file my_file_12.cif (mmCIF, C-alpha atoms)
data_target
#
loop_
_atom_site.label_atom_id
_atom_site.label_comp_id
_atom_site.auth_asym_id
_atom_site.auth_seq_id
_atom_site.Cartn_x
_atom_site.Cartn_y
_atom_site.Cartn_z
CA MET O 1 13.08 15.63 26.42
CA PRO O 2 15.99 13.40 27.55
CA THR O 3 17.71 10.81 25.40
CA ALA O 4 17.12 7.12 26.18
CA ARG O 5 19.76 4.57 25.17
CA ARG O 6 18.65 1.05 24.40
CA THR O 7 20.19 -2.27 23.33
CA LEU O 8 20.63 -3.39 19.73
CA THR O 9 21.98 -6.87 18.93
CA LEU O 10 22.06 -8.48 15.50
CA ALA O 11 24.17 -11.62 15.23
CA LEU O 12 25.36 -12.09 11.67
CA LEU O 13 25.62 -15.77 10.76
CA LEU O 14 25.47 -17.73 7.53
CA VAL O 15 21.84 -18.79 7.25
CA ALA O 16 19.46 -19.68 4.48
CA ALA O 17 17.82 -16.90 2.52
CA GLY O 18 14.35 -16.05 3.71
CA SER O 19 15.03 -16.78 7.35
CA LEU O 20 13.54 -13.43 8.36
CA ALA O 21 9.82 -12.79 8.20
CA PHE O 22 8.68 -9.58 6.55
CA ALA O 23 5.27 -8.50 7.79
CA THR O 24 3.40 -5.58 9.25
CA GLY O 25 2.24 -4.83 12.74
CA ALA O 26 0.93 -2.11 15.00
CA ALA O 27 0.95 -1.41 18.70
CA VAL O 28 -1.10 0.56 21.17
CA VAL O 29 -0.25 1.37 24.76
CA ASP O 30 -2.40 -1.32 26.31
CA GLY O 31 0.33 -3.45 27.85
CA PRO O 32 3.89 -3.31 29.17
CA ALA O 33 5.99 -0.59 27.54
CA ASP O 34 9.38 1.08 27.81
CA THR O 35 8.59 4.70 28.68
CA VAL O 36 11.12 7.44 27.96
CA ALA O 37 11.20 11.23 27.53
CA ASP O 38 9.64 11.83 30.94
CA GLY O 39 7.04 9.20 30.15
CA ASP O 40 5.83 10.93 26.98
CA LEU O 41 7.04 8.13 24.68
CA ALA O 42 5.98 4.50 25.02
CA ILE O 43 8.01 1.89 23.14
CA GLN O 44 6.60 -1.59 22.59
CA PRO O 45 7.27 -4.62 20.40
CA ALA O 46 5.05 -4.43 17.34
CA ASP O 47 2.21 -6.82 16.76
CA GLY O 48 2.88 -9.35 14.03
CA PRO O 49 5.78 -11.70 13.25
CA ASN O 50 8.51 -9.06 13.18
CA GLY O 51 7.62 -7.91 16.69
CA ARG O 52 9.36 -10.99 18.04
CA TYR O 53 12.71 -9.33 17.34
CA ALA O 54 11.92 -6.75 20.05
CA TYR O 55 11.24 -7.40 23.71
CA LEU O 56 11.37 -5.70 27.10
CA ASN O 57 14.41 -6.83 29.07
CA ASP O 58 14.65 -7.27 32.84
CA ASP O 59 14.87 -3.49 33.25
CA ASP O 60 11.68 -3.02 31.18
CA GLU O 61 13.73 -1.42 28.41
CA ILE O 62 13.21 -2.22 24.73
CA ALA O 63 15.86 -4.52 23.26
CA ILE O 64 16.24 -5.42 19.58
CA ASP O 65 17.78 -8.83 18.96
CA VAL O 66 17.79 -10.56 15.58
CA SER O 67 19.83 -13.57 16.64
CA ALA O 68 19.50 -16.98 18.26
CA SER O 69 19.98 -15.35 21.68
CA ASN O 70 16.57 -13.70 21.43
CA PRO O 71 14.25 -15.42 23.96
CA ASN O 72 11.31 -14.98 21.57
CA ILE O 73 12.96 -17.06 18.82
CA GLU O 74 11.65 -20.58 19.29
CA ASP O 75 12.99 -21.97 16.02
CA PRO O 76 16.21 -23.87 16.91
CA SER O 77 17.45 -23.52 13.31
CA PHE O 78 17.37 -19.70 13.39
CA GLN O 79 20.86 -18.23 13.72
CA GLY O 80 20.65 -14.65 12.46
CA VAL O 81 20.53 -12.67 9.24
CA ASN O 82 21.98 -13.45 5.84
CA VAL O 83 25.53 -12.66 4.78
CA ASP O 84 26.22 -10.34 1.79
CA THR O 85 22.61 -9.19 1.38
CA THR O 86 20.47 -6.13 1.83
CA GLY O 87 16.93 -6.15 3.11
CA ARG O 88 14.41 -4.63 5.45
CA VAL O 89 12.48 -5.88 8.46
CA ASP O 90 9.45 -3.63 8.89
CA ASP O 91 7.47 -3.00 12.07
CA VAL O 92 9.82 -4.38 14.72
CA PHE O 93 8.72 -1.99 17.45
CA THR O 94 6.45 1.03 17.85
CA ILE O 95 6.84 4.43 19.45
CA THR O 96 3.66 6.07 20.75
CA TYR O 97 3.62 9.71 21.79
CA THR O 98 1.28 10.26 24.74
CA ALA O 99 1.66 13.97 25.61
CA ASP O 100 -0.60 16.79 24.46
CA GLN O 101 1.77 18.63 22.08
CA TYR O 102 3.39 17.62 18.80
CA ALA O 103 6.89 16.16 19.05
CA HIS O 104 9.78 15.37 16.71
CA VAL O 105 11.07 11.84 17.31
CA TRP O 106 14.17 10.19 15.86
CA ILE O 107 16.69 7.41 16.47
CA GLY O 108 20.40 7.79 17.20
CA ASP O 109 22.54 4.81 16.14
CA GLY O 110 26.22 4.45 15.32
CA SER O 111 26.02 1.36 13.12
CA GLU O 112 26.86 1.55 9.43
CA ASN O 113 25.09 -1.74 8.67
CA VAL O 114 21.75 -1.07 10.36
CA THR O 115 19.37 1.81 9.68
CA PHE O 116 16.19 2.44 11.63
CA VAL O 117 13.33 3.14 9.21
CA ALA O 118 9.66 4.13 9.31
CA GLY O 119 7.59 3.73 6.17
CA GLY O 120 10.75 2.71 4.33
CA ASP O 121 12.66 5.92 5.12
CA SER O 122 15.42 6.49 7.64
CA ILE O 123 14.47 8.12 10.94
CA GLU O 124 18.06 8.34 12.16
CA GLY O 125 19.17 11.81 13.14
CA GLU O 126 17.09 14.87 13.91
CA ALA O 127 16.95 15.89 10.23
CA ASN O 128 15.07 12.65 9.49
CA ASN O 129 12.63 12.89 12.37
CA VAL O 130 8.99 11.92 12.29
CA THR O 131 6.49 14.32 13.84
CA LEU O 132 3.94 12.64 16.07
CA ALA O 133 0.64 14.09 17.18
CA PRO O 134 -0.77 13.30 20.62
CA ASN O 135 -1.53 9.57 20.90
CA GLU O 136 -0.02 8.89 17.46
CA THR O 137 2.09 5.79 16.87
CA VAL O 138 4.92 5.18 14.41
CA ALA O 139 6.11 1.68 13.52
CA VAL O 140 9.90 1.33 13.31
CA GLY O 141 11.82 -1.30 11.38
CA LEU O 142 15.38 -2.10 10.37
CA ALA O 143 17.13 -1.77 7.00
CA LEU O 144 20.08 -4.18 6.90
CA ASP O 145 23.20 -4.12 4.73
CA THR O 146 25.43 -7.12 5.40
CA ARG O 147 27.63 -6.78 2.34
CA GLY O 148 31.32 -7.22 3.02
CA THR O 149 30.73 -9.01 6.33
CA ALA O 150 31.78 -12.47 7.44
CA ALA O 151 29.70 -15.28 8.86
CA GLY O 152 29.69 -15.27 12.66
CA ALA O 153 30.24 -11.53 13.02
CA GLN O 154 28.04 -9.28 15.15
CA LEU O 155 26.22 -6.59 13.25
CA GLY O 156 25.07 -3.31 14.74
CA ALA O 157 25.89 -1.15 17.71
CA ASP O 158 25.67 -2.20 21.35
CA GLU O 159 23.00 0.41 21.91
CA PHE O 160 20.85 2.97 20.15
CA SER O 161 19.11 6.08 21.40
CA ILE O 162 15.52 7.27 21.17
CA GLU O 163 15.36 11.04 21.11
CA ALA O 164 12.56 13.59 20.96
CA LYS O 165 11.82 17.27 21.33
CA ILE O 166 8.69 19.38 21.32
CA ALA O 167 7.80 20.66 17.84
CA GLU O 168 7.50 24.40 17.38
CA PRO O 169 3.93 25.51 16.55
CA GLU O 170 4.82 26.73 13.06
CA GLU O 171 6.28 23.32 12.19
CA VAL O 172 2.97 21.45 12.32
CA ASP O 173 -0.72 21.90 11.75
CA ALA O 174 -1.97 21.80 15.31
CA THR O 175 -5.60 21.38 14.20
CA ALA O 176 -4.91 17.99 12.64
CA THR O 177 -5.45 14.72 14.44
CA GLY O 178 -2.19 13.25 13.15
CA ALA O 179 0.91 14.45 11.33
CA SER O 180 4.39 13.32 10.37
CA THR O 181 7.25 15.39 9.02
CA GLN O 182 10.08 13.86 7.02
CA GLY O 183 13.32 15.56 6.04
CA THR O 184 15.77 14.00 3.61
CA GLY O 185 18.87 14.98 5.53
CA ASP O 186 20.71 15.82 2.31
CA GLY O 187 19.31 19.26 1.55
CA GLY O 188 16.25 17.85 -0.24
CA PRO O 189 12.61 18.81 0.34
CA THR O 190 10.83 18.46 3.66
CA THR O 191 7.44 16.78 3.46
CA THR O 192 4.64 16.93 5.99
CA VAL O 193 1.70 14.52 5.95
CA VAL O 194 -1.37 15.34 8.04
CA SER O 195 -3.94 12.60 8.67
CA PRO O 196 -7.27 14.13 9.72
CA SER O 197 -8.94 10.72 9.35
CA ALA O 198 -8.31 7.21 8.04
CA ASP O 199 -9.52 8.18 4.56
CA ARG O 200 -7.89 11.63 4.22
CA ARG O 201 -4.35 12.93 3.86
CA GLU O 202 -2.97 16.46 3.48
CA PHE O 203 0.46 16.60 1.83
CA VAL O 204 2.86 19.55 1.89
CA ALA O 205 6.41 19.70 0.52
CA SER O 206 8.69 22.71 0.91
CA GLY O 207 12.24 23.51 -0.09
CA VAL O 208 11.80 21.75 -3.44
CA GLU O 209 14.53 22.39 -5.99
CA SER O 210 13.32 22.98 -9.56
CA GLY O 211 12.89 19.74 -11.44
CA ALA O 212 13.17 17.57 -8.31
CA GLU O 213 11.03 14.61 -7.30
CA VAL O 214 8.77 14.72 -4.24
CA ARG O 215 7.60 11.53 -2.55
CA PHE O 216 4.67 11.52 -0.14
CA ARG O 217 3.85 8.54 2.10
CA ALA O 218 0.14 7.97 2.68
CA ASP O 219 0.72 4.90 4.88
CA GLY O 220 -2.42 3.01 3.94
CA MET O 221 -5.04 5.74 3.54
CA ALA O 222 -8.38 3.98 3.19
CA ILE O 223 -10.05 3.98 -0.22
CA ASP O 224 -12.23 0.92 0.26
CA ARG O 225 -11.54 0.46 3.96
CA ASP O 226 -8.46 -1.78 4.28
CA ASN O 227 -9.33 -3.66 1.10
CA VAL O 228 -7.75 -1.01 -1.15
CA THR O 229 -5.52 1.75 0.21
CA LEU O 230 -3.38 4.65 -0.99
CA GLU O 231 0.26 4.07 -0.06
CA GLY O 232 1.82 7.18 -1.52
CA ILE O 233 2.05 9.79 -4.26
CA ASP O 234 5.23 10.67 -6.13
CA LEU O 235 5.55 13.92 -8.08
CA ALA O 236 8.17 14.15 -10.84
CA GLY O 237 9.63 17.31 -12.36
CA VAL O 238 8.32 19.68 -9.67
CA ARG O 239 9.02 23.31 -10.49
CA ASN O 240 7.43 24.94 -7.43
CA GLU O 241 9.40 25.49 -4.24
CA ARG O 242 6.28 24.41 -2.31
CA VAL O 243 3.47 22.05 -3.30
CA GLU O 244 0.28 21.10 -1.48
CA LEU O 245 -1.97 18.15 -2.30
CA ASN O 246 -5.05 16.84 -0.49
CA ALA O 247 -6.26 13.26 -0.93
CA ALA O 248 -9.55 11.64 0.07
CA GLY O 249 -10.80 8.11 -0.40
CA SER O 250 -14.27 6.59 -0.48
CA PRO O 251 -15.75 3.18 -1.37
CA VAL O 252 -18.66 4.98 -3.07
CA PRO O 253 -18.81 8.05 -5.36
CA PHE O 254 -18.20 11.37 -3.62
CA ALA O 255 -21.23 13.48 -2.80
CA ASN O 256 -20.44 15.99 -5.56
CA GLY O 257 -19.25 13.38 -8.06
CA SER O 258 -20.61 10.72 -10.35
CA ALA O 259 -20.22 6.96 -10.48
CA LEU O 260 -17.72 5.30 -12.79
CA THR O 261 -19.10 4.53 -16.25
CA ALA O 262 -17.15 2.98 -19.13
CA PRO O 263 -18.06 0.91 -22.21
CA THR O 264 -16.46 -2.20 -20.73
CA ARG O 265 -18.49 -1.83 -17.52
CA PRO O 266 -15.67 -2.33 -14.97
CA ARG O 267 -16.60 -2.99 -11.36
CA PRO O 268 -15.84 0.10 -9.19
CA VAL O 269 -13.89 -0.69 -6.03
CA GLY O 270 -13.36 2.80 -4.61
CA TYR O 271 -12.80 6.46 -5.44
CA LEU O 272 -9.80 8.74 -4.88
CA SER O 273 -10.02 12.53 -4.98
CA LEU O 274 -6.85 14.61 -5.41
CA ALA O 275 -7.04 18.40 -4.96
CA HIS O 276 -3.86 20.37 -5.56
CA GLU O 277 -2.67 23.88 -4.68
CA PHE O 278 -0.41 24.43 -7.68
CA ALA O 279 -0.69 24.95 -11.42
CA PRO O 280 -0.99 21.69 -13.41
CA ASP O 281 2.10 22.55 -15.46
CA ALA O 282 4.18 22.87 -12.28
CA VAL O 283 4.51 19.07 -12.17
CA ASP O 284 5.53 16.80 -15.04
CA ALA O 285 3.88 13.59 -13.82
CA MET O 286 2.32 11.94 -10.79
CA THR O 287 2.65 8.31 -9.74
CA ILE O 288 -0.11 6.94 -7.51
CA ARG O 289 0.95 4.03 -5.32
CA LEU O 290 -1.88 1.72 -4.22
CA SER O 291 -2.17 -1.63 -2.51
CA ALA O 292 -4.93 -4.21 -2.13
CA ASP O 293 -5.43 -6.92 0.45
CA ARG O 294 -4.50 -10.23 -1.18
CA ASP O 295 -7.31 -12.12 0.60
CA TYR O 296 -9.81 -9.52 -0.62
CA LEU O 297 -8.70 -10.00 -4.22
CA ASN O 298 -8.97 -13.77 -3.86
CA ALA O 299 -12.40 -13.56 -2.23
CA THR O 300 -13.75 -11.39 -5.06
CA GLY O 301 -12.09 -13.46 -7.77
CA THR O 302 -10.05 -10.48 -8.94
CA ASP O 303 -6.85 -11.09 -10.89
CA PRO O 304 -4.32 -8.37 -9.91
CA ALA O 305 -3.65 -7.85 -13.62
CA ASP O 306 -7.29 -6.75 -14.01
CA VAL O 307 -7.07 -3.97 -11.41
CA THR O 308 -7.05 -0.60 -13.14
CA LEU O 309 -7.57 3.10 -12.56
CA TYR O 310 -9.91 5.52 -14.28
CA ARG O 311 -9.60 9.31 -14.26
CA GLN O 312 -12.59 11.60 -14.60
CA THR O 313 -12.03 14.29 -17.22
CA ASP O 314 -13.20 17.89 -17.00
CA ALA O 315 -16.10 16.88 -19.26
CA GLY O 316 -17.17 14.21 -16.77
CA ASP O 317 -16.06 11.22 -18.83
CA TRP O 318 -13.91 8.44 -17.43
CA GLU O 319 -10.67 7.42 -19.13
CA ALA O 320 -8.45 4.48 -18.22
CA VAL O 321 -5.00 5.02 -16.70
CA SER O 322 -2.43 2.27 -17.15
CA VAL O 323 -1.70 0.37 -13.92
CA GLU O 324 1.41 -1.69 -13.21
CA VAL O 325 1.48 -4.55 -10.71
CA VAL O 326 4.67 -4.26 -8.67
CA ASP O 327 6.80 -7.36 -9.20
CA GLU O 328 7.10 -9.64 -6.17
CA ALA O 329 10.90 -9.40 -6.29
CA VAL O 330 10.62 -5.60 -6.03
CA VAL O 331 8.14 -5.98 -3.16
CA ASP O 332 10.71 -8.13 -1.38
CA ILE O 333 13.57 -5.70 -2.02
CA LEU O 334 11.53 -2.71 -0.81
CA GLY O 335 10.27 -4.63 2.20
CA LEU O 336 6.62 -3.96 1.36
CA PRO O 337 3.93 -6.02 3.11
CA GLU O 338 3.69 -9.35 1.32
CA ASP O 339 0.05 -9.91 2.30
CA ARG O 340 -0.89 -7.08 -0.06
CA VAL O 341 -0.63 -6.66 -3.82
CA HIS O 342 1.01 -3.37 -4.79
CA PHE O 343 0.19 -1.21 -7.82
CA ARG O 344 1.57 1.92 -9.50
CA ALA O 345 -0.15 4.21 -11.97
CA THR O 346 1.41 7.28 -13.58
CA THR O 347 -0.60 10.18 -14.96
CA THR O 348 -0.08 13.80 -15.94
CA GLU O 349 -3.55 14.89 -14.82
CA PHE O 350 -4.94 15.56 -11.35
CA SER O 351 -8.60 14.78 -10.80
CA THR O 352 -10.97 12.27 -9.24
CA PHE O 353 -9.97 8.67 -9.84
CA ALA O 354 -11.82 5.38 -9.58
CA VAL O 355 -10.08 2.14 -8.70
CA ALA O 356 -11.84 -0.62 -10.59
CA ALA O 357 -11.58 -4.24 -11.63
CA ARG O 358 -11.92 -5.21 -15.26
CA GLU O 359 -14.37 -8.07 -15.65
CA PRO O 360 -15.65 -10.19 -18.53
CA ARG O 361 -19.11 -9.14 -19.77
CA PHE O 362 -20.89 -11.70 -21.95
CA ASP O 363 -23.87 -10.75 -24.10
CA VAL O 364 -25.77 -12.61 -26.81
CA THR O 365 -25.68 -10.19 -29.73
CA ALA O 366 -27.56 -12.30 -32.31
CA ALA O 367 -29.53 -15.56 -32.45
CA THR O 368 -31.22 -17.61 -35.22
CA VAL O 369 -33.57 -20.59 -35.13
CA ALA O 370 -33.96 -22.92 -38.12
CA PRO O 371 -36.55 -23.90 -38.94
CA GLU O 372 -38.59 -21.23 -37.23
CA ALA O 373 -41.56 -23.55 -36.70
CA ILE O 374 -41.38 -27.26 -35.84
CA ASP O 375 -43.60 -30.02 -34.55
CA PRO O 376 -42.81 -31.96 -31.37
CA GLY O 377 -40.04 -34.49 -31.94
CA GLU O 378 -38.50 -32.58 -34.84
CA ASN O 379 -34.90 -31.27 -34.87
CA VAL O 380 -34.10 -27.59 -34.55
CA THR O 381 -30.77 -25.70 -34.90
CA ILE O 382 -30.14 -22.64 -32.80
CA ARG O 383 -27.12 -20.42 -33.43
CA ALA O 384 -26.14 -17.68 -31.01
CA THR O 385 -23.39 -15.08 -31.32
CA VAL O 386 -21.80 -14.25 -27.97
CA ARG O 387 -19.52 -11.26 -27.36
CA ASN O 388 -17.27 -10.43 -24.43
CA GLY O 389 -17.67 -6.67 -24.13
CA GLY O 390 -15.82 -6.46 -20.82
CA GLY O 391 -12.24 -5.50 -20.17
CA ALA O 392 -11.00 -8.92 -19.06
CA ALA O 393 -10.86 -12.37 -20.59
CA GLY O 394 -13.18 -14.98 -19.17
CA GLU O 395 -15.40 -17.92 -19.83
CA ARG O 396 -19.12 -18.48 -19.42
CA ALA O 397 -21.57 -21.31 -19.82
CA VAL O 398 -24.22 -20.49 -22.45
CA THR O 399 -27.37 -22.46 -21.76
CA LEU O 400 -30.24 -23.24 -24.13
CA THR O 401 -33.63 -23.51 -22.47
CA ALA O 402 -37.02 -24.69 -23.71
CA ASP O 403 -40.13 -23.82 -21.71
CA GLY O 404 -37.85 -22.78 -18.86
CA ASN O 405 -35.96 -26.08 -18.81
CA SER O 406 -32.27 -26.43 -19.69
CA VAL O 407 -31.78 -28.64 -22.72
CA ALA O 408 -28.16 -27.90 -23.67
CA SER O 409 -25.14 -25.94 -22.47
CA GLU O 410 -21.75 -25.01 -23.87
CA THR O 411 -18.86 -23.14 -22.25
CA VAL O 412 -17.14 -20.44 -24.26
CA ALA O 413 -13.89 -18.60 -23.44
CA LEU O 414 -13.38 -15.17 -24.96
CA ALA O 415 -10.81 -12.40 -24.83
CA PRO O 416 -12.04 -8.79 -24.51
CA ASN O 417 -14.05 -7.73 -27.60
CA GLU O 418 -13.91 -11.29 -28.98
CA THR O 419 -17.03 -13.00 -30.34
CA ALA O 420 -17.96 -16.63 -30.92
CA THR O 421 -20.93 -18.32 -32.58
CA LEU O 422 -22.36 -21.37 -30.84
CA SER O 423 -24.59 -23.95 -32.49
CA PHE O 424 -27.11 -26.19 -30.74
CA ASP O 425 -28.84 -29.04 -32.62
CA GLU O 426 -31.64 -30.33 -30.45
CA THR O 427 -34.83 -32.34 -30.73
CA VAL O 428 -37.69 -30.62 -28.99
CA SER O 429 -40.34 -32.89 -27.53
#

call {"tool": "encode", "arguments": {"input": "my_file_12.cif", "output": "structure tokens"}}
result
Amino acid sequence: MPTARRTLTLALLLVAAGSLAFATGAAVVDGPADTVADGDLAIQPADGPNGRYAYLNDDDEIAIDVSASNPNIEDPSFQGVNVDTTGRVDDVFTITYTADQYAHVWIGDGSENVTFVAGGDSIEGEANNVTLAPNETVAVGLALDTRGTAAGAQLGADEFSIEAKIAEPEEVDATATGASTQGTGDGGPTTTVVSPSADRREFVASGVESGAEVRFRADGMAIDRDNVTLEGIDLAGVRNERVELNAAGSPVPFANGSALTAPTRPRPVGYLSLAHEFAPDAVDAMTIRLSADRDYLNATGTDPADVTLYRQTDAGDWEAVSVEVVDEAVVDILGLPEDRVHFRATTTEFSTFAVAAREPRFDVTAATVAPEAIDPGENVTIRATVRNGGGAAGERAVTLTADGNSVASETVALAPNETATLSFDETVS
């Protein structure tokens, strides 16, 4: 497959922080595209805000321009990227492979300040290629490092190349509907991710040095559709030269599994199954990286701090796994999609997991009426003990009714496992 050289322009001017939009996008070959490699690769600007930095020039070739000269930039105040910063612009353009064999695809670029990335990792040089299945698309972004530069300078090379070659049969699983292979370029492990469907991933890492870390990208594997997705799995302290791990997601319990049950009665969101082809003691720990659609959390009234993970034990019980919400500053530094909330959970056990939301659960545990018998018009005192047995703090209105009619109400706020006694003094007619 021949090399195609394309234009890259990034004017470096002194502008306010936050002048670049960080978002996600995707593209399909349903419009104009720059076709290279004998027509087997189609390059298009990505959908979404960051796609405006890419366009097809007069020769129908992809051009990347993050400067005021870009015809898509309508903001007259936009002048370029920030000085003395690092950052990432994800999903600027897409490369779609349209032939009927697997292919290795990578970018050639001579700039020290700009790195082409996919899923946060460099795809510059053949060692860092991504492997595309027929009709598979990869979104490409830019990692920028403007430290040590001066305002008004031009950043980046005049051109970059898009290169590809047919993958050898032993390098990929030809029965899969999608696959990507990532090499570190520094002698580290090579990872292959096969995507048989939106809710399944098959991970393989080879060439792992003893005690090394292995990072797998799941790229939004569906757990509860797009509401909650698996973004990746990191293995620490790997002592096998090769590891294999299969992941599957489902919004409901798996056919051979059971539903989440716990004393605090959390609300299940989705289930994640992890099957591994190595001894449990071959890995020190596993970090599961998840994300949730921010609008979905808002619509369901879910505080990100109340999202948690449960692991099913060999005995069939469910035990909570601590979940960390990724700080927004870290999200910005890593260039993760800002319309999603990102989570990390670390465990030493592999099993079936349930993503759940802790919720307040209010129950009346005791009630007294004094006196027990009254005549109409007399006063009665009702005391009720209310307990929050859920895993999240909350408040509820406790209503007193007589003959089905509300006669009094009081709102109580309780932390998990906290109780409160309410007293109602009412005259019953």

call {"tool": "residues_around", "arguments": {"input": "my_file_12.cif", "residues": "stretch 340-346 of chain O", "least_positions_apart": "2", "cutoff": "7 Å", "atoms": "all atoms listed in the file", "output": "PyMOL selection string"}}
result
chain O and resi 285-294+321-326+337-338

call {"tool": "residues_around", "arguments": {"input": "my_file_12.cif", "residues": "O:Thr85", "least_positions_apart": "5", "cutoff": "7 Å", "atoms": "all atoms listed in the file", "output": "ChimeraX atom specification"}}
result
/O:145-147

call {"tool": "atom_distance", "arguments": {"input": "my_file_12.cif", "atom1": "atom CA of O:Ala384", "atom2": "atom CA of O:Glu359"}}
result
21.6 Å

call {"tool": "axis_aligned_box", "arguments": {"input": "my_file_12.cif", "around": "stretch 266-280 of chain O", "padding_each_side": "4 Å", "output": "AutoDock Vina command-line options"}}
result
--center_x -8.5 --center_y 11.0 --center_z -9.8 --size_x 24.2 --size_y 35.9 --size_z 18.4

call {"tool": "atom_distance", "arguments": {"input": "my_file_12.cif", "atom1": "atom CA of O:Val330", "atom2": "atom CA of O:Ala393"}}
result
26.8 Å

call {"tool": "closest_residue", "arguments": {"input": "my_file_12.cif", "among": "O:Glu378, O:Pro266, O:Ala357, O:Gly87", "to": "O:Pro304", "atoms": "only C-alpha atoms"}}
result
O:Ala357

call {"tool": "atom_distance", "arguments": {"input": "my_file_12.cif", "atom1": "atom CA of O:Gly232", "atom2": "atom CA of O:Asp219"}}
result
6.9 Å

call {"tool": "closest_residue", "arguments": {"input": "my_file_12.cif", "among": "O:Asp90, O:Glu209, O:Asp75, O:Gly39", "to": "O:Ala54", "atoms": "all atoms listed in the file"}}
result
O:Asp90

call {"tool": "residues_near_point", "arguments": {"input": "my_file_12.cif", "point": "(9.2, -1.5, 18.4)", "cutoff": "10 Å", "atoms": "all atoms listed in the file", "output": "tab-separated table (two decimals) with C-alpha atoms, keeping the file's coordinate frame"}}
result
chain	number	residue	atom	x	y	z
O	25	GLY	CA	2.24	-4.83	12.74
O	26	ALA	CA	0.93	-2.11	15.00
O	27	ALA	CA	0.95	-1.41	18.70
O	33	ALA	CA	5.99	-0.59	27.54
O	34	ASP	CA	9.38	1.08	27.81
O	42	ALA	CA	5.98	4.50	25.02
O	43	ILE	CA	8.01	1.89	23.14
O	44	GLN	CA	6.60	-1.59	22.59
O	45	PRO	CA	7.27	-4.62	20.40
O	46	ALA	CA	5.05	-4.43	17.34
O	47	ASP	CA	2.21	-6.82	16.76
O	50	ASN	CA	8.51	-9.06	13.18
O	51	GLY	CA	7.62	-7.91	16.69
O	52	ARG	CA	9.36	-10.99	18.04
O	53	TYR	CA	12.71	-9.33	17.34
O	54	ALA	CA	11.92	-6.75	20.05
O	55	TYR	CA	11.24	-7.40	23.71
O	56	LEU	CA	11.37	-5.70	27.10
O	62	ILE	CA	13.21	-2.22	24.73
O	63	ALA	CA	15.86	-4.52	23.26
O	64	ILE	CA	16.24	-5.42	19.58
O	90	ASP	CA	9.45	-3.63	8.89
O	91	ASP	CA	7.47	-3.00	12.07
O	92	VAL	CA	9.82	-4.38	14.72
O	93	PHE	CA	8.72	-1.99	17.45
O	94	THR	CA	6.45	1.03	17.85
O	95	ILE	CA	6.84	4.43	19.45
O	96	THR	CA	3.66	6.07	20.75
O	138	VAL	CA	4.92	5.18	14.41
O	139	ALA	CA	6.11	1.68	13.52
O	140	VAL	CA	9.90	1.33	13.31
O	141	GLY	CA	11.82	-1.30	11.38

call {"tool": "closest_residue", "arguments": {"input": "my_file_12.cif", "among": "O:Phe116, O:Phe278, O:Tyr102, O:Phe203", "to": "O:Glu136", "atoms": "only C-alpha atoms"}}
result
O:Tyr102

call {"tool": "resolve_selection", "arguments": {"input": "my_file_12.cif", "expression": "the PyMOL selection byres ((chain O and resi 222) around 9)", "output": "list in words"}}
result
Ala198, Asp199, Arg200, Gly220, Met221, Ile223, Asp224, Arg225, Asp226, Asn227, Val228, Thr229, Leu230, Ala248, Gly249, Ser250 and Pro251 of chain O

call {"tool": "resolve_selection", "arguments": {"input": "my_file_12.cif", "expression": "the PyMOL selection byres ((chain O and resi 358) around 10)", "output": "PyMOL selection string"}}
result
chain O and resi 264-268+302-309+356-357+359-361+390-393+416

call {"tool": "resolve_selection", "arguments": {"input": "my_file_12.cif", "expression": "the PyMOL selection byres ((chain O and resi 417-424) around 10)", "output": "PyMOL selection string"}}
result
chain O and resi 264+360-369+380-393+398-400+407-416+425-427

call {"tool": "residues_around", "arguments": {"input": "my_file_12.cif", "residues": "O:Pro189", "least_positions_apart": "6", "cutoff": "9 Å", "atoms": "all atoms listed in the file", "output": "PyMOL selection string"}}
result
chain O and resi 182-183+205-209+212-214+241-242

call {"tool": "write_last_selection", "arguments": {"input": "my_file_12.cif", "atoms": "C-alpha atoms", "output": "mmCIF file, keeping the file's coordinate frame"}}
result
data_model
loop_
_atom_site.group_PDB
_atom_site.id
_atom_site.type_symbol
_atom_site.label_atom_id
_atom_site.label_comp_id
_atom_site.auth_asym_id
_atom_site.auth_seq_id
_atom_site.Cartn_x
_atom_site.Cartn_y
_atom_site.Cartn_z
ATOM 1 C CA GLN O 182 10.080 13.860 7.020
ATOM 2 C CA GLY O 183 13.320 15.560 6.040
ATOM 3 C CA ALA O 205 6.410 19.700 0.520
ATOM 4 C CA SER O 206 8.690 22.710 0.910
ATOM 5 C CA GLY O 207 12.240 23.510 -0.090
ATOM 6 C CA VAL O 208 11.800 21.750 -3.440
ATOM 7 C CA GLU O 209 14.530 22.390 -5.990
ATOM 8 C CA ALA O 212 13.170 17.570 -8.310
ATOM 9 C CA GLU O 213 11.030 14.610 -7.300
ATOM 10 C CA VAL O 214 8.770 14.720 -4.240
ATOM 11 C CA GLU O 241 9.400 25.490 -4.240
ATOM 12 C CA ARG O 242 6.280 24.410 -2.310
#

call {"tool": "closest_residue", "arguments": {"input": "my_file_12.cif", "among": "O:Asn240, O:Ser273, O:Asn82, O:Thr313", "to": "O:Pro253", "atoms": "all atoms listed in the file"}}
result
O:Ser273

call {"tool": "residues_around", "arguments": {"input": "my_file_12.cif", "residues": "O:Val105", "least_positions_apart": "6", "cutoff": "9 Å", "atoms": "all atoms listed in the file", "output": "list of chain:residue names"}}
result
O:Ile95, O:Tyr97, O:Ile123, O:Glu126, O:Asn128, O:Asn129, O:Val130, O:Thr131, O:Leu132, O:Ile162, O:Glu163, O:Ala164, O:Lys165, O:Ile166
